[in-house]
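Chemist: Input: one structure, supplied below.
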Amino acid sequence: MDVASIKKIPHLSSSAISDFLSCGIMYRLARIEKLPREFIPDALEFGSAIHRALADFWLAKKAGHYMPITELQQKFESYWTEAAKDNNEIKYKEDKDFETLLKEGKELLSVYVSSIPDTNFKVLAVEEPIVFELPGVIIPIIGIVDLVEEDSDGTVVITDHKTAGKSYPFDDVNSNIQMTLYGMGMKQNGYADREILMKFDTLIKTKIPKFEQYYTSRNSEDEVKLIKKVQLACHGITSQVFLPTQETWRCKGCQFSLACNAYLLS
Ligand code: SF4
């Protein structure tokens, strides 16, 4: 099944599950009522443009070609321009605009290309769509794995590309819901008998851009605990229990704060 097809089937995704667990009201407004977002954070479009450029980079590698840095930067410029040029819905952070982020993106990609270890892993898939089931969860889970590689021992390495404003906290690396789900999902999508390692390749938008790579893995206890959380989330969604977050920092950057205010006052 291709990426467009899997999005058409009734499903849950790691971002939907994370949204529900982070704030039930946000889940309801975005995914049940399908209200338009009140703005688009610059980081969202920026991350998406970097993501698309990296997908092209790894597809070229899969086909046996090395994409030069200038071409990778041109890809990013094209995706960023398509998404952000003259787009008034994007809300930029202080001191940021289209041009500054264009420059930052090119610098980040330059750091990325000069920093990624030359592992000679074999590229098996790029943007690999997966559909899988979890016990006690009535709806399939879908995901798209950024990069699937195989090392010389036959271990499968799945990578998630991230852009972030700071280093990724170690606890988050080891508890990230998306990676736990994708590890389970890969086993139901042709990799049942393979050892699976996970890594985050993170492009960090600090004043001096940097690249950090974090390897992680999951054990059966991690999987059992996440399955329970997804079962509870699924039960909450079908029972229409949408609780607000108590993390006030989350509300500050919320794309539904006006709609949420109106909902809570209704
Ligand atoms: S403003 Fe806060 S409580 Fe309301 S939807 Fe957004 S994150 Fe949730």
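Here, A, B, ... name the chains of the structure tokens in the order displayed, residue numbers run from 1 inside each chain, and ligands are numbered from 1 in the same displayed order.
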Compile the contact shell of region 259-266 of chain A as an MDAnalysis selection string: residues with an atom at most 9 Å away, counting only C-alpha atoms, same-chain residues fewer than 5 positions apart removed.

Modeler: chainID A and resid 25:26 29 35 38

Chemist: With C-alpha atoms retained, write the just-selected residues as a short mmCIF file (atom, residue, chain, number, x, y, z; two decimals), in the first residue's frame.

Modeler:
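Here's the written file out00.cif:
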```cif
data_model
loop_
_atom_site.label_atom_id
_atom_site.label_comp_id
_atom_site.auth_asym_id
_atom_site.auth_seq_id
_atom_site.Cartn_x
_atom_site.Cartn_y
_atom_site.Cartn_z
CA ILE A 25 -9.50 18.84 23.67
CA MET A 26 -6.86 19.51 21.02
CA LEU A 29 -10.94 20.11 17.84
CA LEU A 35 -11.37 22.80 12.67
CA GLU A 38 -5.41 29.11 13.71
#
```

Chemist: With ligand 1 as the partner and 10 Å as the cut-off, tabulate the residues of chain A that qualify, each row holding the nearest pair of atoms and their distance in Å to one decimal, using only C-alpha atoms and all ligand atoms, sorted by chain and rising number, as JSON lines.

Modeler:
```
{"residue": "A:Asp19", "atom": "CA", "partner": "ligand 1", "partner_atom_place_in_ligand_line": "8 (Fe)", "distance": 9.2}
{"residue": "A:Phe20", "atom": "CA", "partner": "ligand 1", "partner_atom_place_in_ligand_line": "8 (Fe)", "distance": 9.6}
{"residue": "A:Ser22", "atom": "CA", "partner": "ligand 1", "partner_atom_place_in_ligand_line": "7 (S)", "distance": 7.7}
{"residue": "A:Cys23", "atom": "CA", "partner": "ligand 1", "partner_atom_place_in_ligand_line": "8 (Fe)", "distance": 4.8}
{"residue": "A:Gly24", "atom": "CA", "partner": "ligand 1", "partner_atom_place_in_ligand_line": "8 (Fe)", "distance": 6.8}
{"residue": "A:Ile25", "atom": "CA", "partner": "ligand 1", "partner_atom_place_in_ligand_line": "5 (S)", "distance": 4.8}
{"residue": "A:Met26", "atom": "CA", "partner": "ligand 1", "partner_atom_place_in_ligand_line": "5 (S)", "distance": 3.8}
{"residue": "A:Tyr27", "atom": "CA", "partner": "ligand 1", "partner_atom_place_in_ligand_line": "5 (S)", "distance": 7.5}
{"residue": "A:Arg28", "atom": "CA", "partner": "ligand 1", "partner_atom_place_in_ligand_line": "5 (S)", "distance": 8.3}
{"residue": "A:Leu29", "atom": "CA", "partner": "ligand 1", "partner_atom_place_in_ligand_line": "5 (S)", "distance": 7.3}
{"residue": "A:Ala30", "atom": "CA", "partner": "ligand 1", "partner_atom_place_in_ligand_line": "5 (S)", "distance": 8.8}
{"residue": "A:Phe242", "atom": "CA", "partner": "ligand 1", "partner_atom_place_in_ligand_line": "8 (Fe)", "distance": 9.6}
{"residue": "A:Leu243", "atom": "CA", "partner": "ligand 1", "partner_atom_place_in_ligand_line": "3 (S)", "distance": 8.0}
{"residue": "A:Pro244", "atom": "CA", "partner": "ligand 1", "partner_atom_place_in_ligand_line": "3 (S)", "distance": 4.4}
{"residue": "A:Thr245", "atom": "CA", "partner": "ligand 1", "partner_atom_place_in_ligand_line": "3 (S)", "distance": 4.9}
{"residue": "A:Gln246", "atom": "CA", "partner": "ligand 1", "partner_atom_place_in_ligand_line": "3 (S)", "distance": 7.2}
{"residue": "A:Glu247", "atom": "CA", "partner": "ligand 1", "partner_atom_place_in_ligand_line": "2 (Fe)", "distance": 7.6}
{"residue": "A:Thr248", "atom": "CA", "partner": "ligand 1", "partner_atom_place_in_ligand_line": "2 (Fe)", "distance": 6.7}
{"residue": "A:Trp249", "atom": "CA", "partner": "ligand 1", "partner_atom_place_in_ligand_line": "2 (Fe)", "distance": 8.3}
{"residue": "A:Arg250", "atom": "CA", "partner": "ligand 1", "partner_atom_place_in_ligand_line": "7 (S)", "distance": 5.1}
{"residue": "A:Cys251", "atom": "CA", "partner": "ligand 1", "partner_atom_place_in_ligand_line": "2 (Fe)", "distance": 3.6}
{"residue": "A:Lys252", "atom": "CA", "partner": "ligand 1", "partner_atom_place_in_ligand_line": "1 (S)", "distance": 7.0}
{"residue": "A:Gly253", "atom": "CA", "partner": "ligand 1", "partner_atom_place_in_ligand_line": "7 (S)", "distance": 7.7}
{"residue": "A:Cys254", "atom": "CA", "partner": "ligand 1", "partner_atom_place_in_ligand_line": "6 (Fe)", "distance": 4.6}
{"residue": "A:Gln255", "atom": "CA", "partner": "ligand 1", "partner_atom_place_in_ligand_line": "6 (Fe)", "distance": 6.7}
{"residue": "A:Phe256", "atom": "CA", "partner": "ligand 1", "partner_atom_place_in_ligand_line": "6 (Fe)", "distance": 5.3}
{"residue": "A:Ser257", "atom": "CA", "partner": "ligand 1", "partner_atom_place_in_ligand_line": "1 (S)", "distance": 4.0}
{"residue": "A:Leu258", "atom": "CA", "partner": "ligand 1", "partner_atom_place_in_ligand_line": "1 (S)", "distance": 7.5}
{"residue": "A:Ala259", "atom": "CA", "partner": "ligand 1", "partner_atom_place_in_ligand_line": "5 (S)", "distance": 7.7}
{"residue": "A:Cys260", "atom": "CA", "partner": "ligand 1", "partner_atom_place_in_ligand_line": "4 (Fe)", "distance": 4.5}
{"residue": "A:Asn261", "atom": "CA", "partner": "ligand 1", "partner_atom_place_in_ligand_line": "4 (Fe)", "distance": 6.7}
{"residue": "A:Ala262", "atom": "CA", "partner": "ligand 1", "partner_atom_place_in_ligand_line": "4 (Fe)", "distance": 9.6}
{"residue": "A:Tyr263", "atom": "CA", "partner": "ligand 1", "partner_atom_place_in_ligand_line": "4 (Fe)", "distance": 8.7}
{"residue": "A:Leu264", "atom": "CA", "partner": "ligand 1", "partner_atom_place_in_ligand_line": "4 (Fe)", "distance": 8.3}
```

Chemist: Show me, as number ranges by chain, the residues that have an atom within 7 Å of region 214-230 of chain A when counting only C-alpha atoms, minus same-chain residues fewer than 6 positions from it.

Modeler: A: 17, 134, 173-174, 180, 197-201

Chemist: Can you list, as a list in words, every protein, DNA or RNA residue that comes within 12 Å of Leu44 (chain A) when you count only C-alpha atoms, leaving out same-chain residues fewer than 4 positions away?

Modeler: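 Neighbouring residues, sequence-local ones excluded: Phe39, Ile40, Ser48, Ala49, Ile50, His51, Trp80, Ala83, Ala84, Glu89, Ile90, Lys91, Tyr92, Lys93, Leu101, Lys162, Thr163, Ala164, Gly165, Gly253 and Gln255 of chain A.
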
Chemist: Any chance you could export the current selection's N, CA, C and O atoms as a PDB file, in the first residue's frame?

Modeler:
```pdb
ATOM      1  N   PHE A  39      -3.103  28.973  13.056  1.00  0.00           N
ATOM      2  CA  PHE A  39      -1.854  29.414  12.414  1.00  0.00           C
ATOM      3  C   PHE A  39      -1.006  28.166  12.178  1.00  0.00           C
ATOM      4  O   PHE A  39      -1.322  27.077  12.688  1.00  0.00           O
ATOM      5  N   ILE A  40       0.040  28.345  11.407  1.00  0.00           N
ATOM      6  CA  ILE A  40       0.993  27.237  11.201  1.00  0.00           C
ATOM      7  C   ILE A  40       2.320  27.651  11.835  1.00  0.00           C
ATOM      8  O   ILE A  40       2.888  28.688  11.455  1.00  0.00           O
ATOM      9  N   SER A  48       9.110  20.074   7.765  1.00  0.00           N
ATOM     10  CA  SER A  48       8.553  19.302   6.655  1.00  0.00           C
ATOM     11  C   SER A  48       9.417  19.465   5.387  1.00  0.00           C
ATOM     12  O   SER A  48       9.669  18.506   4.651  1.00  0.00           O
ATOM     13  N   ALA A  49       9.887  20.699   5.133  1.00  0.00           N
ATOM     14  CA  ALA A  49      10.720  20.943   3.940  1.00  0.00           C
ATOM     15  C   ALA A  49      12.071  20.218   4.074  1.00  0.00           C
ATOM     16  O   ALA A  49      12.571  19.633   3.104  1.00  0.00           O
ATOM     17  N   ILE A  50      12.641  20.229   5.279  1.00  0.00           N
ATOM     18  CA  ILE A  50      13.902  19.497   5.509  1.00  0.00           C
ATOM     19  C   ILE A  50      13.668  17.998   5.282  1.00  0.00           C
ATOM     20  O   ILE A  50      14.451  17.303   4.629  1.00  0.00           O
ATOM     21  N   HIS A  51      12.555  17.540   5.821  1.00  0.00           N
ATOM     22  CA  HIS A  51      12.177  16.132   5.720  1.00  0.00           C
ATOM     23  C   HIS A  51      12.087  15.685   4.257  1.00  0.00           C
ATOM     24  O   HIS A  51      12.595  14.624   3.879  1.00  0.00           O
ATOM     25  N   TRP A  80      10.842  24.538   0.627  1.00  0.00           N
ATOM     26  CA  TRP A  80      10.565  25.621   1.582  1.00  0.00           C
ATOM     27  C   TRP A  80       9.836  26.777   0.883  1.00  0.00           C
ATOM     28  O   TRP A  80       8.873  27.336   1.417  1.00  0.00           O
ATOM     29  N   ALA A  83       6.234  25.885   0.266  1.00  0.00           N
ATOM     30  CA  ALA A  83       5.387  25.857   1.466  1.00  0.00           C
ATOM     31  C   ALA A  83       5.236  27.220   2.128  1.00  0.00           C
ATOM     32  O   ALA A  83       4.176  27.540   2.676  1.00  0.00           O
ATOM     33  N   ALA A  84       6.292  28.034   2.082  1.00  0.00           N
ATOM     34  CA  ALA A  84       6.311  29.188   2.980  1.00  0.00           C
ATOM     35  C   ALA A  84       6.331  30.551   2.308  1.00  0.00           C
ATOM     36  O   ALA A  84       5.936  31.546   2.928  1.00  0.00           O
ATOM     37  N   GLU A  89      -0.196  32.374   6.674  1.00  0.00           N
ATOM     38  CA  GLU A  89      -0.674  31.572   7.814  1.00  0.00           C
ATOM     39  C   GLU A  89       0.473  31.131   8.721  1.00  0.00           C
ATOM     40  O   GLU A  89       0.249  30.675   9.832  1.00  0.00           O
ATOM     41  N   ILE A  90       1.699  31.258   8.219  1.00  0.00           N
ATOM     42  CA  ILE A  90       2.841  30.820   9.035  1.00  0.00           C
ATOM     43  C   ILE A  90       3.152  31.866  10.094  1.00  0.00           C
ATOM     44  O   ILE A  90       3.255  33.061   9.805  1.00  0.00           O
ATOM     45  N   LYS A  91       3.277  31.397  11.332  1.00  0.00           N
ATOM     46  CA  LYS A  91       3.631  32.290  12.438  1.00  0.00           C
ATOM     47  C   LYS A  91       5.114  32.064  12.750  1.00  0.00           C
ATOM     48  O   LYS A  91       5.500  30.969  13.178  1.00  0.00           O
ATOM     49  N   TYR A  92       5.906  33.104  12.513  1.00  0.00           N
ATOM     50  CA  TYR A  92       7.354  32.980  12.735  1.00  0.00           C
ATOM     51  C   TYR A  92       7.709  33.377  14.164  1.00  0.00           C
ATOM     52  O   TYR A  92       7.088  34.292  14.734  1.00  0.00           O
ATOM     53  N   LYS A  93       8.712  32.695  14.697  1.00  0.00           N
ATOM     54  CA  LYS A  93       9.244  33.106  15.997  1.00  0.00           C
ATOM     55  C   LYS A  93       9.970  34.433  15.832  1.00  0.00           C
ATOM     56  O   LYS A  93      10.341  34.810  14.716  1.00  0.00           O
ATOM     57  N   LEU A 101      15.098  31.489   7.738  1.00  0.00           N
ATOM     58  CA  LEU A 101      14.949  30.034   7.822  1.00  0.00           C
ATOM     59  C   LEU A 101      15.467  29.337   6.560  1.00  0.00           C
ATOM     60  O   LEU A 101      15.942  28.202   6.625  1.00  0.00           O
ATOM     61  N   LYS A 162      14.666  14.335  12.515  1.00  0.00           N
ATOM     62  CA  LYS A 162      14.035  15.369  13.336  1.00  0.00           C
ATOM     63  C   LYS A 162      14.757  16.694  13.150  1.00  0.00           C
ATOM     64  O   LYS A 162      15.978  16.716  12.978  1.00  0.00           O
ATOM     65  N   THR A 163      13.992  17.779  13.197  1.00  0.00           N
ATOM     66  CA  THR A 163      14.622  19.090  13.369  1.00  0.00           C
ATOM     67  C   THR A 163      14.166  19.601  14.719  1.00  0.00           C
ATOM     68  O   THR A 163      13.002  19.420  15.097  1.00  0.00           O
ATOM     69  N   ALA A 164      15.079  20.194  15.470  1.00  0.00           N
ATOM     70  CA  ALA A 164      14.747  20.626  16.824  1.00  0.00           C
ATOM     71  C   ALA A 164      15.523  21.883  17.166  1.00  0.00           C
ATOM     72  O   ALA A 164      16.524  22.210  16.514  1.00  0.00           O
ATOM     73  N   GLY A 165      15.027  22.574  18.181  1.00  0.00           N
ATOM     74  CA  GLY A 165      15.701  23.805  18.603  1.00  0.00           C
ATOM     75  C   GLY A 165      16.797  23.534  19.611  1.00  0.00           C
ATOM     76  O   GLY A 165      17.604  24.412  19.922  1.00  0.00           O
ATOM     77  N   GLY A 253       1.584  27.592  22.797  1.00  0.00           N
ATOM     78  CA  GLY A 253       1.847  27.446  21.360  1.00  0.00           C
ATOM     79  C   GLY A 253       0.740  26.706  20.639  1.00  0.00           C
ATOM     80  O   GLY A 253       0.945  26.215  19.538  1.00  0.00           O
ATOM     81  N   GLN A 255      -2.351  25.610  18.455  1.00  0.00           N
ATOM     82  CA  GLN A 255      -2.946  26.121  17.219  1.00  0.00           C
ATOM     83  C   GLN A 255      -4.472  26.177  17.295  1.00  0.00           C
ATOM     84  O   GLN A 255      -5.123  26.525  16.310  1.00  0.00           O
TER      85      GLN A 255
END
```

Chemist: Enumerate as a PyMOL selection string all residues of region 70-240 of chain A assigned to alpha helix (DSSP H) by DSSP on the backbone, naming them with the chain letters and numbers the document uses.

Modeler: chain A and resi 70-84+98-115+170-175+177-187+220-238
